[in-house]
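This is final04.cif. It holds mmCIF, N, CA and C atoms.
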```cif
data_my_file
#
loop_
_atom_site.label_atom_id
_atom_site.label_comp_id
_atom_site.auth_asym_id
_atom_site.auth_seq_id
_atom_site.Cartn_x
_atom_site.Cartn_y
_atom_site.Cartn_z
N MET A 1 16.53 66.91 125.87
CA MET A 1 17.23 65.71 126.31
C MET A 1 16.63 64.47 125.65
N ALA A 2 15.32 64.43 125.52
CA ALA A 2 14.68 63.27 124.88
C ALA A 2 15.15 63.13 123.44
N GLU A 3 15.35 64.26 122.77
CA GLU A 3 15.83 64.23 121.39
C GLU A 3 17.23 63.64 121.32
N LEU A 4 18.08 64.01 122.26
CA LEU A 4 19.44 63.47 122.30
C LEU A 4 19.41 61.97 122.53
N LEU A 5 18.59 61.52 123.45
CA LEU A 5 18.48 60.08 123.71
C LEU A 5 17.99 59.34 122.47
N ALA A 6 17.03 59.90 121.76
CA ALA A 6 16.53 59.28 120.54
C ALA A 6 17.61 59.23 119.47
N THR A 7 18.47 60.23 119.44
CA THR A 7 19.55 60.26 118.45
C THR A 7 20.51 59.09 118.66
N PHE A 8 20.70 58.66 119.89
CA PHE A 8 21.56 57.50 120.13
C PHE A 8 21.02 56.26 119.42
N ASP A 9 19.70 56.16 119.27
CA ASP A 9 19.11 55.01 118.57
C ASP A 9 19.28 55.10 117.06
N THR A 10 19.26 56.32 116.53
CA THR A 10 19.30 56.48 115.08
C THR A 10 20.66 56.86 114.52
N ASN A 11 21.44 57.62 115.31
CA ASN A 11 22.74 58.08 114.83
C ASN A 11 23.67 58.29 116.03
N PRO A 12 24.22 57.21 116.58
CA PRO A 12 25.05 57.33 117.78
C PRO A 12 26.24 58.27 117.61
N THR A 13 26.84 58.30 116.44
CA THR A 13 27.98 59.19 116.22
C THR A 13 27.57 60.65 116.41
N ALA A 14 26.43 61.02 115.89
CA ALA A 14 25.93 62.40 116.04
C ALA A 14 25.59 62.69 117.50
N ALA A 15 25.07 61.70 118.19
CA ALA A 15 24.72 61.89 119.60
C ALA A 15 25.98 62.14 120.43
N TRP A 16 27.02 61.35 120.21
CA TRP A 16 28.28 61.56 120.94
C TRP A 16 28.87 62.92 120.61
N ARG A 17 28.79 63.31 119.33
CA ARG A 17 29.31 64.61 118.91
C ARG A 17 28.54 65.74 119.62
N GLN A 18 27.24 65.58 119.75
CA GLN A 18 26.44 66.58 120.45
C GLN A 18 26.83 66.67 121.92
N LEU A 19 27.06 65.53 122.57
CA LEU A 19 27.48 65.52 123.98
C LEU A 19 28.83 66.19 124.18
N ALA A 20 29.66 66.16 123.17
CA ALA A 20 30.99 66.76 123.26
C ALA A 20 31.01 68.20 122.74
N GLY A 21 29.85 68.71 122.37
CA GLY A 21 29.78 70.01 121.71
C GLY A 21 29.88 71.21 122.64
N ASN A 22 29.93 72.37 122.02
CA ASN A 22 30.05 73.63 122.74
C ASN A 22 28.89 73.89 123.69
N ALA A 23 27.71 73.44 123.35
CA ALA A 23 26.56 73.66 124.22
C ALA A 23 26.76 73.01 125.59
N TRP A 24 27.59 71.99 125.63
CA TRP A 24 27.85 71.29 126.89
C TRP A 24 29.09 71.82 127.60
N TRP A 25 30.14 72.22 126.85
CA TRP A 25 31.45 72.45 127.47
C TRP A 25 32.12 73.78 127.17
N ALA A 26 31.56 74.63 126.35
CA ALA A 26 32.29 75.83 125.92
C ALA A 26 31.81 77.11 126.60
N GLY A 27 32.43 77.44 127.68
CA GLY A 27 32.26 78.74 128.31
C GLY A 27 30.87 79.12 128.77
N ALA A 28 30.64 80.43 128.85
CA ALA A 28 29.37 80.96 129.36
C ALA A 28 28.21 80.44 128.53
N GLY A 29 27.17 80.06 129.21
CA GLY A 29 25.99 79.55 128.54
C GLY A 29 26.00 78.05 128.33
N SER A 30 27.13 77.39 128.53
CA SER A 30 27.20 75.94 128.36
C SER A 30 26.57 75.25 129.57
N LEU A 31 26.24 74.00 129.40
CA LEU A 31 25.69 73.23 130.51
C LEU A 31 26.69 73.17 131.66
N ALA A 32 27.96 73.02 131.35
CA ALA A 32 28.99 73.00 132.40
C ALA A 32 28.97 74.30 133.19
N ALA A 33 28.83 75.42 132.51
CA ALA A 33 28.78 76.73 133.19
C ALA A 33 27.54 76.84 134.06
N GLU A 34 26.47 76.20 133.67
CA GLU A 34 25.24 76.23 134.47
C GLU A 34 25.44 75.57 135.83
N SER A 35 26.45 74.72 135.92
CA SER A 35 26.71 74.05 137.21
C SER A 35 27.22 75.03 138.26
N LEU A 36 27.54 76.26 137.85
CA LEU A 36 27.98 77.29 138.78
C LEU A 36 26.81 77.98 139.47
N LEU A 37 25.62 77.81 138.92
CA LEU A 37 24.44 78.49 139.45
C LEU A 37 23.73 77.60 140.46
N GLU A 38 23.42 78.17 141.61
CA GLU A 38 22.68 77.41 142.60
C GLU A 38 21.26 77.17 142.11
N PRO A 39 20.73 75.98 142.33
CA PRO A 39 19.35 75.69 141.93
C PRO A 39 18.37 76.33 142.92
N THR A 40 18.00 77.56 142.67
CA THR A 40 17.20 78.33 143.62
C THR A 40 15.81 77.76 143.86
N ALA A 41 15.36 76.87 142.99
CA ALA A 41 14.05 76.25 143.20
C ALA A 41 14.08 75.25 144.35
N LEU A 42 15.28 74.81 144.73
CA LEU A 42 15.42 73.86 145.84
C LEU A 42 15.58 74.60 147.16
N PRO A 43 15.15 73.97 148.25
CA PRO A 43 15.43 74.57 149.56
C PRO A 43 16.94 74.74 149.74
N HIS A 44 17.33 75.78 150.44
CA HIS A 44 18.76 76.09 150.63
C HIS A 44 19.54 74.88 151.15
N THR A 45 18.94 74.09 152.02
CA THR A 45 19.63 72.94 152.61
C THR A 45 19.94 71.85 151.60
N GLU A 46 19.26 71.85 150.47
CA GLU A 46 19.46 70.81 149.45
C GLU A 46 20.33 71.26 148.29
N ARG A 47 20.62 72.54 148.21
CA ARG A 47 21.31 73.08 147.03
C ARG A 47 22.72 72.55 146.86
N THR A 48 23.50 72.52 147.92
CA THR A 48 24.88 72.07 147.80
C THR A 48 24.94 70.62 147.33
N ALA A 49 24.11 69.77 147.91
CA ALA A 49 24.10 68.36 147.51
C ALA A 49 23.67 68.21 146.05
N ALA A 50 22.71 69.00 145.62
CA ALA A 50 22.25 68.92 144.23
C ALA A 50 23.35 69.37 143.27
N MET A 51 24.05 70.43 143.62
CA MET A 51 25.14 70.91 142.77
C MET A 51 26.27 69.89 142.71
N GLN A 52 26.59 69.27 143.84
CA GLN A 52 27.65 68.26 143.86
C GLN A 52 27.24 67.05 143.03
N ALA A 53 25.98 66.64 143.11
CA ALA A 53 25.51 65.49 142.32
C ALA A 53 25.56 65.81 140.83
N PHE A 54 25.15 67.01 140.46
CA PHE A 54 25.18 67.43 139.06
C PHE A 54 26.61 67.44 138.54
N ARG A 55 27.51 68.01 139.30
CA ARG A 55 28.91 68.05 138.89
C ARG A 55 29.51 66.65 138.81
N SER A 56 29.11 65.77 139.70
CA SER A 56 29.59 64.39 139.65
C SER A 56 29.16 63.72 138.35
N LEU A 57 27.93 63.98 137.93
CA LEU A 57 27.47 63.43 136.65
C LEU A 57 28.27 64.00 135.49
N LEU A 58 28.58 65.30 135.55
CA LEU A 58 29.39 65.91 134.49
C LEU A 58 30.81 65.35 134.48
N ILE A 59 31.36 65.05 135.66
CA ILE A 59 32.68 64.40 135.73
C ILE A 59 32.61 63.05 135.02
N ASP A 60 31.60 62.26 135.33
CA ASP A 60 31.45 60.94 134.71
C ASP A 60 31.33 61.06 133.19
N LEU A 61 30.52 62.01 132.74
CA LEU A 61 30.34 62.21 131.30
C LEU A 61 31.64 62.66 130.65
N ALA A 62 32.34 63.61 131.27
CA ALA A 62 33.61 64.10 130.71
C ALA A 62 34.63 62.97 130.61
N GLU A 63 34.71 62.14 131.62
CA GLU A 63 35.66 61.02 131.59
C GLU A 63 35.28 60.02 130.50
N LEU A 64 34.01 59.79 130.33
CA LEU A 64 33.55 58.89 129.27
C LEU A 64 33.90 59.46 127.90
N LEU A 65 33.67 60.75 127.72
CA LEU A 65 34.01 61.38 126.45
C LEU A 65 35.51 61.34 126.18
N ARG A 66 36.31 61.59 127.21
CA ARG A 66 37.77 61.53 127.03
C ARG A 66 38.23 60.13 126.65
N ALA A 67 37.60 59.13 127.22
CA ALA A 67 37.97 57.75 126.91
C ALA A 67 37.64 57.39 125.45
N ARG A 68 36.70 58.10 124.86
CA ARG A 68 36.29 57.84 123.49
C ARG A 68 37.22 58.50 122.47
N GLY A 69 38.04 59.46 122.90
CA GLY A 69 38.95 60.11 121.96
C GLY A 69 39.02 61.60 122.19
N PRO A 70 39.47 62.34 121.17
CA PRO A 70 39.61 63.79 121.30
C PRO A 70 38.30 64.44 121.75
N THR A 71 38.43 65.49 122.57
CA THR A 71 37.25 66.12 123.14
C THR A 71 37.21 67.61 122.85
N ASN A 72 36.12 68.21 123.24
CA ASN A 72 35.96 69.65 123.15
C ASN A 72 37.08 70.32 123.94
N PRO A 73 37.67 71.39 123.43
CA PRO A 73 38.77 72.05 124.14
C PRO A 73 38.39 72.52 125.55
N GLY A 74 37.14 72.87 125.78
CA GLY A 74 36.72 73.34 127.09
C GLY A 74 36.54 72.23 128.11
N LEU A 75 36.39 71.01 127.66
CA LEU A 75 36.10 69.89 128.56
C LEU A 75 37.19 69.69 129.61
N SER A 76 38.43 69.74 129.23
CA SER A 76 39.52 69.50 130.19
C SER A 76 39.53 70.50 131.33
N SER A 77 39.28 71.76 131.02
CA SER A 77 39.24 72.78 132.06
C SER A 77 38.08 72.54 133.03
N TRP A 78 36.92 72.23 132.46
CA TRP A 78 35.77 71.95 133.34
C TRP A 78 36.02 70.71 134.18
N LEU A 79 36.57 69.68 133.58
CA LEU A 79 36.83 68.45 134.33
C LEU A 79 37.78 68.73 135.50
N LEU A 80 38.82 69.48 135.26
CA LEU A 80 39.75 69.84 136.33
C LEU A 80 39.03 70.62 137.43
N ALA A 81 38.24 71.60 137.05
CA ALA A 81 37.49 72.39 138.04
C ALA A 81 36.53 71.52 138.83
N PHE A 82 35.78 70.66 138.15
CA PHE A 82 34.81 69.80 138.83
C PHE A 82 35.51 68.86 139.81
N ARG A 83 36.63 68.30 139.39
CA ARG A 83 37.36 67.40 140.28
C ARG A 83 37.89 68.15 141.51
N ASN A 84 38.41 69.36 141.31
CA ASN A 84 38.90 70.16 142.42
C ASN A 84 37.78 70.52 143.38
N TRP A 85 36.65 70.94 142.84
CA TRP A 85 35.51 71.28 143.68
C TRP A 85 35.00 70.06 144.43
N ASP A 86 34.97 68.93 143.74
CA ASP A 86 34.53 67.69 144.38
C ASP A 86 35.45 67.31 145.54
N ALA A 87 36.75 67.43 145.30
CA ALA A 87 37.73 67.08 146.33
C ALA A 87 37.66 68.01 147.53
N SER A 88 37.27 69.27 147.30
CA SER A 88 37.21 70.21 148.42
C SER A 88 35.80 70.33 149.01
N GLY A 89 34.86 69.56 148.48
CA GLY A 89 33.50 69.57 149.03
C GLY A 89 32.67 70.78 148.65
N VAL A 90 33.08 71.47 147.59
CA VAL A 90 32.33 72.66 147.15
C VAL A 90 31.12 72.23 146.37
#
```
Kindly return the structure encoded in the file as structure tokens.
Amino acid sequence: MAELLATFDTNPTAAWRQLAGNAWWAGAGSLAAESLLEPTALPHTERTAAMQAFRSLLIDLAELLRARGPTNPGLSSWLLAFRNWDASGV
């Protein structure tokens, strides 16, 4: 993550491209897919709130990326899922 932040200082276009990349939004193994896993290091009582907060951040990032122009093909599906889960309190 520190490397990505540093890239914004030296090459913002590459940094935005990385944020929109497959590692973030494309299927199994992507950061978006990781939002499906409960953070087992947290006490059970904190897990749901942590997952909701993480997904909320991904919603914000996805909306920001969409506002910038064309996005990763997987982003729209994840954004829809995150919004649905958020609306239902999952």
Leaving out Leu5 in chain A and any residue of its chain fewer than 3 positions from it, which residues lie within 12 Å of it when counting only C-alpha atoms, given as a VMD selection string?
chain A and resid 1 to 2 8 to 12 14 to 16 18 to 19
I want to know what sits within 8 Å of Gln52 in chain A, based on all atoms listed in the file, with residues of the same chain fewer than 3 positions away left out; could you give that as a PyMOL selection string?
chain A and resi 46-49+55-58+85-86+89-90
Once you have the residues from the selection above, write them out as an mmCIF file, keeping the file's coordinate frame, restricted to N, CA and C atoms.
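Saved file again-v7.cif follows:
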```cif
data_model
loop_
_atom_site.group_PDB
_atom_site.id
_atom_site.type_symbol
_atom_site.label_atom_id
_atom_site.label_comp_id
_atom_site.auth_asym_id
_atom_site.auth_seq_id
_atom_site.Cartn_x
_atom_site.Cartn_y
_atom_site.Cartn_z
ATOM 1 N N GLU A 46 19.260 71.850 150.470
ATOM 2 C CA GLU A 46 19.460 70.810 149.450
ATOM 3 C C GLU A 46 20.330 71.260 148.290
ATOM 4 N N ARG A 47 20.620 72.540 148.210
ATOM 5 C CA ARG A 47 21.310 73.080 147.030
ATOM 6 C C ARG A 47 22.720 72.550 146.860
ATOM 7 N N THR A 48 23.500 72.520 147.920
ATOM 8 C CA THR A 48 24.880 72.070 147.800
ATOM 9 C C THR A 48 24.940 70.620 147.330
ATOM 10 N N ALA A 49 24.110 69.770 147.910
ATOM 11 C CA ALA A 49 24.100 68.360 147.510
ATOM 12 C C ALA A 49 23.670 68.210 146.050
ATOM 13 N N ARG A 55 27.510 68.010 139.300
ATOM 14 C CA ARG A 55 28.910 68.050 138.890
ATOM 15 C C ARG A 55 29.510 66.650 138.810
ATOM 16 N N SER A 56 29.110 65.770 139.700
ATOM 17 C CA SER A 56 29.590 64.390 139.650
ATOM 18 C C SER A 56 29.160 63.720 138.350
ATOM 19 N N LEU A 57 27.930 63.980 137.930
ATOM 20 C CA LEU A 57 27.470 63.430 136.650
ATOM 21 C C LEU A 57 28.270 64.000 135.490
ATOM 22 N N LEU A 58 28.580 65.300 135.550
ATOM 23 C CA LEU A 58 29.390 65.910 134.490
ATOM 24 C C LEU A 58 30.810 65.350 134.480
ATOM 25 N N TRP A 85 36.650 70.940 142.840
ATOM 26 C CA TRP A 85 35.510 71.280 143.680
ATOM 27 C C TRP A 85 35.000 70.060 144.430
ATOM 28 N N ASP A 86 34.970 68.930 143.740
ATOM 29 C CA ASP A 86 34.530 67.690 144.380
ATOM 30 C C ASP A 86 35.450 67.310 145.540
ATOM 31 N N GLY A 89 34.860 69.560 148.480
ATOM 32 C CA GLY A 89 33.500 69.570 149.030
ATOM 33 C C GLY A 89 32.670 70.780 148.650
ATOM 34 N N VAL A 90 33.080 71.470 147.590
ATOM 35 C CA VAL A 90 32.330 72.660 147.150
ATOM 36 C C VAL A 90 31.120 72.230 146.370
#
```
Calculate how many Å separate atom C of Leu75 in chain A from atom C of Ala62 in chain A, rounding to one decimal.
7.3 Å
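Atom C of Leu64 in chain A is positioned 20.5 Å from atom N of Leu36 in chain A.
Taking atom N of Ala20 in chain A as the reference point, atom C of Trp78 in chain A is found at 13.5 Å.
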Quick one: DSSP alpha helix (DSSP H) residues in chain A, as a count of residues only?
66
Take range 47-58 of chain A, bring it up to all heavy atoms, and give me the output as an mmCIF file, keeping the file's coordinate frame.
```cif
data_model
loop_
_atom_site.group_PDB
_atom_site.id
_atom_site.type_symbol
_atom_site.label_atom_id
_atom_site.label_comp_id
_atom_site.auth_asym_id
_atom_site.auth_seq_id
_atom_site.Cartn_x
_atom_site.Cartn_y
_atom_site.Cartn_z
ATOM 1 N N ARG A 47 20.620 72.540 148.210
ATOM 2 C CA ARG A 47 21.310 73.080 147.030
ATOM 3 C C ARG A 47 22.720 72.550 146.860
ATOM 4 O O ARG A 47 23.114 72.171 145.758
ATOM 5 C CB ARG A 47 21.340 74.602 147.096
ATOM 6 C CG ARG A 47 19.975 75.210 146.925
ATOM 7 C CD ARG A 47 20.008 76.692 147.049
ATOM 8 N NE ARG A 47 18.643 77.200 147.063
ATOM 9 C CZ ARG A 47 18.343 78.453 147.244
ATOM 10 N NH1 ARG A 47 19.303 79.362 147.428
ATOM 11 N NH2 ARG A 47 17.089 78.826 147.251
ATOM 12 N N THR A 48 23.500 72.520 147.920
ATOM 13 C CA THR A 48 24.880 72.070 147.800
ATOM 14 C C THR A 48 24.940 70.620 147.330
ATOM 15 O O THR A 48 25.701 70.281 146.418
ATOM 16 C CB THR A 48 25.632 72.233 149.129
ATOM 17 O OG1 THR A 48 25.645 73.612 149.475
ATOM 18 C CG2 THR A 48 27.059 71.722 149.034
ATOM 19 N N ALA A 49 24.110 69.770 147.910
ATOM 20 C CA ALA A 49 24.100 68.360 147.510
ATOM 21 C C ALA A 49 23.670 68.210 146.050
ATOM 22 O O ALA A 49 24.241 67.390 145.317
ATOM 23 C CB ALA A 49 23.175 67.569 148.422
ATOM 24 N N ALA A 50 22.710 69.000 145.620
ATOM 25 C CA ALA A 50 22.250 68.920 144.230
ATOM 26 C C ALA A 50 23.350 69.370 143.270
ATOM 27 O O ALA A 50 23.574 68.735 142.231
ATOM 28 C CB ALA A 50 21.004 69.769 144.034
ATOM 29 N N MET A 51 24.050 70.430 143.620
ATOM 30 C CA MET A 51 25.140 70.910 142.770
ATOM 31 C C MET A 51 26.270 69.890 142.710
ATOM 32 O O MET A 51 26.840 69.642 141.651
ATOM 33 C CB MET A 51 25.657 72.255 143.287
ATOM 34 C CG MET A 51 24.658 73.387 143.087
ATOM 35 S SD MET A 51 25.204 74.955 143.778
ATOM 36 C CE MET A 51 26.466 75.423 142.601
ATOM 37 N N GLN A 52 26.590 69.270 143.840
ATOM 38 C CA GLN A 52 27.650 68.260 143.860
ATOM 39 C C GLN A 52 27.240 67.050 143.030
ATOM 40 O O GLN A 52 28.072 66.498 142.292
ATOM 41 C CB GLN A 52 27.966 67.863 145.293
ATOM 42 C CG GLN A 52 28.691 68.942 146.059
ATOM 43 C CD GLN A 52 28.820 68.645 147.549
ATOM 44 O OE1 GLN A 52 28.049 67.878 148.125
ATOM 45 N NE2 GLN A 52 29.797 69.275 148.175
ATOM 46 N N ALA A 53 25.980 66.640 143.110
ATOM 47 C CA ALA A 53 25.510 65.490 142.320
ATOM 48 C C ALA A 53 25.560 65.810 140.830
ATOM 49 O O ALA A 53 25.982 64.966 140.024
ATOM 50 C CB ALA A 53 24.097 65.116 142.745
ATOM 51 N N PHE A 54 25.150 67.010 140.460
ATOM 52 C CA PHE A 54 25.180 67.430 139.060
ATOM 53 C C PHE A 54 26.610 67.440 138.540
ATOM 54 O O PHE A 54 26.905 66.911 137.465
ATOM 55 C CB PHE A 54 24.529 68.811 138.924
ATOM 56 C CG PHE A 54 24.465 69.336 137.523
ATOM 57 C CD1 PHE A 54 23.918 68.589 136.497
ATOM 58 C CD2 PHE A 54 24.931 70.607 137.235
ATOM 59 C CE1 PHE A 54 23.848 69.092 135.202
ATOM 60 C CE2 PHE A 54 24.864 71.121 135.952
ATOM 61 C CZ PHE A 54 24.322 70.354 134.932
ATOM 62 N N ARG A 55 27.510 68.010 139.300
ATOM 63 C CA ARG A 55 28.910 68.050 138.890
ATOM 64 C C ARG A 55 29.510 66.650 138.810
ATOM 65 O O ARG A 55 30.324 66.362 137.937
ATOM 66 C CB ARG A 55 29.712 68.931 139.828
ATOM 67 C CG ARG A 55 29.378 70.400 139.662
ATOM 68 C CD ARG A 55 30.124 71.246 140.639
ATOM 69 N NE ARG A 55 29.720 72.638 140.525
ATOM 70 C CZ ARG A 55 29.778 73.495 141.519
ATOM 71 N NH1 ARG A 55 30.250 73.136 142.704
ATOM 72 N NH2 ARG A 55 29.389 74.743 141.347
ATOM 73 N N SER A 56 29.110 65.770 139.700
ATOM 74 C CA SER A 56 29.590 64.390 139.650
ATOM 75 C C SER A 56 29.160 63.720 138.350
ATOM 76 O O SER A 56 29.940 62.990 137.728
ATOM 77 C CB SER A 56 29.057 63.622 140.867
ATOM 78 O OG SER A 56 29.477 62.288 140.824
ATOM 79 N N LEU A 57 27.930 63.980 137.930
ATOM 80 C CA LEU A 57 27.470 63.430 136.650
ATOM 81 C C LEU A 57 28.270 64.000 135.490
ATOM 82 O O LEU A 57 28.621 63.281 134.546
ATOM 83 C CB LEU A 57 25.987 63.734 136.456
ATOM 84 C CG LEU A 57 25.036 62.960 137.354
ATOM 85 C CD1 LEU A 57 23.621 63.513 137.222
ATOM 86 C CD2 LEU A 57 25.070 61.481 137.012
ATOM 87 N N LEU A 58 28.580 65.300 135.550
ATOM 88 C CA LEU A 58 29.390 65.910 134.490
ATOM 89 C C LEU A 58 30.810 65.350 134.480
ATOM 90 O O LEU A 58 31.403 65.185 133.405
ATOM 91 C CB LEU A 58 29.386 67.428 134.625
ATOM 92 C CG LEU A 58 28.052 68.108 134.283
ATOM 93 C CD1 LEU A 58 28.121 69.601 134.580
ATOM 94 C CD2 LEU A 58 27.660 67.865 132.838
#
```
